[in-house]
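What follows is a single structure, written as structure tokens, with notes after it.
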Amino acid sequence: MSNSNNNSSSSSINLTAGTTMGPALTQWEKLIIEHGIRPLSPGGYIGCAMYLVIIGLMATAGNTTTLVMFARNKKLRVKPHNMLLINLALSDLGISIFGYPLTTSSCFARRYLWGMVGCKVQGFSTFMFAMADMYTLTVVSVYRWVAVCRPHYMHTLNYSVTMRVIAGTWVAAVLTTAPPLVGMSRYTFEPFGTSCTIDWDDTSPLSVFYVYLLIVIAYVLPVAIMSFCYYKVVIRSNQLMRTMRQAQSNALSLAEAETANNTLAENKVTWVSLAMVLIFVVVWSPYAFVCVWAIYDSNIPVWVNTLPTMVCKASCMLNPLIFYLTNPIFRDTFRATFLRSSKVKPWGITSRHEQTFKINKTKDGVFIGENCVTFHQADTTMF
């Protein structure tokens, strides 16, 4: 993408401050002057528009089908972890509804179509949904830490507590993103002009304070919590896996075999949630870096602003893909929900979930000789 001083949206007028000659300026040309917008080339805008069409359709379809799948499967909804996944799907769907259509249509038109009111609505709503996403992922990491490292406390993270936690993520998201609506910074156009966000270039003391506060509470702190939780989770998971591999080589009691099977399954869903966090951080980190950079340099090349923005806009389509590609239980549930073929097996019943253990005792410790037991489905805290 390249910066263009002359394109069809800005006519042939030299759009510099103080222009008084030539034909009357259009509303878009006035916005360019007033907000320092640096338009992309026509090809740049069309490229962004096509990209947003693809990820917008994928995000809307993926998150909608995820919500429908959870709605149709009561067994999934009773697990507190899964309510957090539903919350992620809702916030991602909010971004695709409130953010993509406005930016995509404006990119096709090569000018922002929705005025300053639309800009503020888009900037606030998409930022709020993104923060709800970030805070929910942080909560997921804490839940995974408890499930793997402190399982004796799992009973405290029940459905009622989880619903209050989810409400808290939305309150936190609103409190984080509302200050620009009341004068602490503002929502304005991105440098390329067809999307809206925080005014990262505002150098007023109050705005700079808000930006630094935002970086800490909306990025550094959540990433630090997630990093700590998953560091502990990975260490504990590796310890449990080594123990389970040793156990699989020996004959166990039936109770020990069930515990081993559940541990192996829990480890798999832990890696799914870790993948969600890692990908989210990867796609948002370049944007966070550029936002901090903008505080000190208002002349960042427009393509440097545009690329990280487009990358982070893909974040809301990724979770359904991660669920589907990495978790066979999710795939089976998805297929059982939407494909009415008799070949689709019931929830969780496929050979890919089978684990076989050697046992020589019942749950009560009664010796029965060496046998093999195969578990078709494990009880996990997520999915």
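Just remember, in the structure tokens the first chain shown is A, the second B, etc., residues are 1-based per chain, and ligands are 1-based in the order shown.
Close contacts of Ser96 of chain A, defined as residues with an atom at most 8 Å away when counting only C-alpha atoms, with chain neighbours fewer than 6 positions off set aside, comprise Gly56, Ala59, Thr60 and Cys316 of chain A.
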Got a sec: who's within 10 Å of Leu90 of chain A, counting only C-alpha atoms, leaving out chain neighbours fewer than 4 positions off, as a PyMOL selection string? chain A and resi 63-64+66-67+84-86+94-96+129+132-133+316
Those same residues - N, CA and C atoms - I'd like them written as a short mmCIF file (atom, residue, chain, number, x, y, z; two decimals), in the first residue's frame.
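And here's out38.cif as it stands now:
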data_model
loop_
_atom_site.label_atom_id
_atom_site.label_comp_id
_atom_site.auth_asym_id
_atom_site.auth_seq_id
_atom_site.Cartn_x
_atom_site.Cartn_y
_atom_site.Cartn_z
N ASN A 63 -18.17 -17.11 13.95
CA ASN A 63 -18.66 -16.83 15.29
C ASN A 63 -20.16 -17.08 15.41
N THR A 64 -20.90 -16.84 14.34
CA THR A 64 -22.33 -17.15 14.38
C THR A 64 -22.57 -18.64 14.52
N THR A 66 -20.51 -20.81 15.74
CA THR A 66 -20.05 -21.21 17.07
C THR A 66 -21.14 -20.96 18.11
N LEU A 67 -21.78 -19.79 18.05
CA LEU A 67 -22.85 -19.49 18.99
C LEU A 67 -24.04 -20.42 18.80
N LEU A 84 -17.14 -18.77 28.81
CA LEU A 84 -16.13 -17.79 28.42
C LEU A 84 -15.90 -17.83 26.90
N LEU A 85 -15.95 -19.02 26.32
CA LEU A 85 -15.80 -19.12 24.86
C LEU A 85 -16.99 -18.48 24.16
N ILE A 86 -18.17 -18.62 24.72
CA ILE A 86 -19.35 -17.96 24.16
C ILE A 86 -19.16 -16.45 24.21
N GLY A 94 -19.42 -8.93 17.58
CA GLY A 94 -19.68 -7.49 17.69
C GLY A 94 -18.74 -6.67 16.83
N ILE A 95 -17.46 -7.07 16.80
CA ILE A 95 -16.48 -6.36 15.96
C ILE A 95 -16.86 -6.50 14.49
N SER A 96 -17.23 -7.70 14.09
CA SER A 96 -17.55 -7.92 12.67
C SER A 96 -18.82 -7.20 12.25
N PHE A 129 -15.36 -3.93 22.11
CA PHE A 129 -15.43 -5.37 21.86
C PHE A 129 -14.04 -6.01 21.89
N ALA A 132 -13.11 -6.38 25.50
CA ALA A 132 -13.84 -7.52 26.08
C ALA A 132 -13.18 -8.82 25.69
N ASP A 133 -12.70 -8.90 24.46
CA ASP A 133 -11.96 -10.06 23.99
C ASP A 133 -10.70 -10.28 24.82
N CYS A 316 -10.71 -11.32 15.11
CA CYS A 316 -12.02 -11.84 15.50
C CYS A 316 -12.49 -13.01 14.63
#
With the cut-off set at 10 Å and counting only C-alpha atoms, tabulate each residue of segment 90-144 of chain A with an atom at most that distance from an atom of segment 267-280 of chain A, showing the nearest atom pair and its distance in Å to one decimal, ordered by chain and increasing number, as JSON lines.
{"residue": "A:Asp133", "atom": "CA", "partner": "A:Phe280", "partner_atom": "CA", "distance": 9.2}
{"residue": "A:Met134", "atom": "CA", "partner": "A:Phe280", "partner_atom": "CA", "distance": 8.2}
{"residue": "A:Leu137", "atom": "CA", "partner": "A:Val277", "partner_atom": "CA", "distance": 6.5}
{"residue": "A:Thr138", "atom": "CA", "partner": "A:Val277", "partner_atom": "CA", "distance": 8.3}
{"residue": "A:Val140", "atom": "CA", "partner": "A:Ser273", "partner_atom": "CA", "distance": 7.4}
{"residue": "A:Ser141", "atom": "CA", "partner": "A:Ser273", "partner_atom": "CA", "distance": 7.5}
{"residue": "A:Arg144", "atom": "CA", "partner": "A:Thr270", "partner_atom": "CA", "distance": 6.6}
Please save N, CA and C atoms of the selected residues as an mmCIF file, in the first residue's frame.
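The file below, part_14.cif, is the result:
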data_model
loop_
_atom_site.group_PDB
_atom_site.id
_atom_site.type_symbol
_atom_site.label_atom_id
_atom_site.label_comp_id
_atom_site.auth_asym_id
_atom_site.auth_seq_id
_atom_site.Cartn_x
_atom_site.Cartn_y
_atom_site.Cartn_z
ATOM 1 N N ASP A 133 -12.703 -8.901 24.458
ATOM 2 C CA ASP A 133 -11.965 -10.061 23.991
ATOM 3 C C ASP A 133 -10.696 -10.277 24.815
ATOM 4 N N MET A 134 -9.915 -9.209 24.961
ATOM 5 C CA MET A 134 -8.659 -9.301 25.694
ATOM 6 C C MET A 134 -8.884 -9.705 27.149
ATOM 7 N N LEU A 137 -9.969 -13.396 27.377
ATOM 8 C CA LEU A 137 -8.823 -14.284 27.208
ATOM 9 C C LEU A 137 -7.971 -14.323 28.472
ATOM 10 N N THR A 138 -7.869 -13.200 29.156
ATOM 11 C CA THR A 138 -7.132 -13.168 30.420
ATOM 12 C C THR A 138 -7.816 -14.051 31.455
ATOM 13 N N VAL A 140 -9.773 -16.596 30.778
ATOM 14 C CA VAL A 140 -9.575 -17.984 30.332
ATOM 15 C C VAL A 140 -8.234 -18.509 30.828
ATOM 16 N N SER A 141 -7.200 -17.683 30.749
ATOM 17 C CA SER A 141 -5.878 -18.131 31.195
ATOM 18 C C SER A 141 -5.878 -18.417 32.699
ATOM 19 N N ARG A 144 -7.630 -21.697 33.207
ATOM 20 C CA ARG A 144 -6.777 -22.829 32.842
ATOM 21 C C ARG A 144 -5.723 -23.071 33.915
#
Distance query Ala109 of chain A at most 9 Å, only C-alpha atoms, self and fewer than 4 positions along chain excluded, as an MDAnalysis selection string: chainID A and resid 9 45:46 104:105 113
Counting only C-alpha atoms, which of A:Arg164, A:Thr194, A:Met69, A:Asn158 gets nearest to Leu102 of chain A? A:Thr194
Which neighbours of Asp199 of chain A fall inside 7 Å, counting only C-alpha atoms, when residues of the same chain fewer than 4 positions from it are skipped, and could you give them as a PDB file with N, CA, C and O atoms, in the first residue's frame?
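The resulting file, selection25.pdb, is shown below:
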ATOM      1  N   SER A 185      -8.725  12.242  25.606  1.00  0.00           N
ATOM      2  CA  SER A 185      -8.429  11.827  24.240  1.00  0.00           C
ATOM      3  C   SER A 185      -9.731  11.886  23.427  1.00  0.00           C
ATOM      4  O   SER A 185     -10.715  12.514  23.855  1.00  0.00           O
ATOM      5  N   ARG A 186      -9.762  11.248  22.284  1.00  0.00           N
ATOM      6  CA  ARG A 186     -10.962  11.250  21.440  1.00  0.00           C
ATOM      7  C   ARG A 186     -10.856  10.118  20.434  1.00  0.00           C
ATOM      8  O   ARG A 186      -9.792   9.536  20.222  1.00  0.00           O
ATOM      9  N   TYR A 187     -11.999   9.789  19.838  1.00  0.00           N
ATOM     10  CA  TYR A 187     -12.016   8.837  18.726  1.00  0.00           C
ATOM     11  C   TYR A 187     -11.947   9.625  17.426  1.00  0.00           C
ATOM     12  O   TYR A 187     -12.724  10.565  17.211  1.00  0.00           O
ATOM     13  N   THR A 188     -11.022   9.236  16.568  1.00  0.00           N
ATOM     14  CA  THR A 188     -10.831   9.947  15.313  1.00  0.00           C
ATOM     15  C   THR A 188     -10.401   8.963  14.234  1.00  0.00           C
ATOM     16  O   THR A 188     -10.347   7.753  14.461  1.00  0.00           O
TER      17      THR A 188
END
For Asn87 of chain A, the closest of A:Ala167, A:Leu240, A:Leu325, A:Met310 counting only C-alpha atoms is A:Ala167
Figure out the distance between atom CA of Ser91 of chain A and atom CA of Asn319 of chain A, please, to one decimal in Å. 11.2 Å
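Among the candidate residues A:Val223, A:Val290, A:Val211, A:Ile32, the one lying nearest to Trp303 of chain A is A:Val290, with distances computed using only C-alpha atoms.
Using only C-alpha atoms, the shortest contact distance between Ala260 of chain A and any of A:Arg242, A:Tyr51, A:Ala61, A:Ser298 is found at A:Arg242.
The smallest atom-to-atom distance between Tyr212 of chain A and any of A:Phe330, A:Gly193, A:Asn299, A:Ala288, using only C-alpha atoms, is found for A:Ala288.
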Nearest-residue call for Val220 of chain A, choices A:Cys107, A:Val208, A:Phe289, A:Asp202, using only C-alpha atoms: A:Phe289
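When atom CA of Val302 of chain A is paired with atom CA of Met50 of chain A, their separation reads 18.8 Å.
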Expressed in Å, the length from atom CA of Thr263 of chain A to atom CA of Thr374 of chain A is 14.8 Å
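Every protein or nucleic acid residue with an atom no more than 9 Å from Val142 of chain A, counting only C-alpha atoms and leaving out same-chain residues fewer than 6 positions away, appears here: A:Ile225, A:Met226, A:Cys229, A:Tyr230.
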Excluding same-chain residues fewer than 5 positions from Lys120 of chain A, what lies within 12 Å of it counting only C-alpha atoms, as a PDB file with C-alpha atoms, in the first residue's frame?
ATOM      1  CA  PHE A  98     -20.029  -2.774  14.110  1.00  0.00           C
ATOM      2  CA  GLY A  99     -16.589  -2.434  12.563  1.00  0.00           C
ATOM      3  CA  LEU A 102     -18.307   0.724   7.954  1.00  0.00           C
ATOM      4  CA  TRP A 114     -20.300   7.771   7.930  1.00  0.00           C
ATOM      5  CA  GLY A 115     -19.251  11.182   9.268  1.00  0.00           C
ATOM      6  CA  SER A 125     -17.742  -0.054  19.755  1.00  0.00           C
ATOM      7  CA  THR A 126     -14.903  -1.915  18.052  1.00  0.00           C
ATOM      8  CA  PHE A 127     -12.416  -0.894  20.751  1.00  0.00           C
ATOM      9  CA  MET A 128     -14.837  -1.970  23.487  1.00  0.00           C
ATOM     10  CA  THR A 177     -12.828   2.629  26.316  1.00  0.00           C
ATOM     11  CA  ALA A 178     -15.347   5.301  27.462  1.00  0.00           C
ATOM     12  CA  PRO A 180     -12.438   9.429  24.945  1.00  0.00           C
ATOM     13  CA  LEU A 181     -16.197   9.990  24.794  1.00  0.00           C
ATOM     14  CA  VAL A 182     -15.969  12.421  27.721  1.00  0.00           C
ATOM     15  CA  SER A 185      -8.429  11.827  24.240  1.00  0.00           C
ATOM     16  CA  ARG A 186     -10.962  11.250  21.440  1.00  0.00           C
ATOM     17  CA  TYR A 187     -12.016   8.837  18.726  1.00  0.00           C
ATOM     18  CA  THR A 188     -10.831   9.947  15.313  1.00  0.00           C
ATOM     19  CA  PHE A 189      -9.751   8.629  11.931  1.00  0.00           C
ATOM     20  CA  GLU A 190      -6.900   6.236  11.379  1.00  0.00           C
ATOM     21  CA  SER A 195     -11.430   3.440   9.962  1.00  0.00           C
ATOM     22  CA  CYS A 196     -11.566   5.032  13.404  1.00  0.00           C
ATOM     23  CA  THR A 197      -9.710   4.556  16.669  1.00  0.00           C
ATOM     24  CA  ILE A 198      -8.151   6.452  19.589  1.00  0.00           C
ATOM     25  CA  ASP A 199      -6.296   9.634  18.627  1.00  0.00           C
TER      26      ASP A 199
END
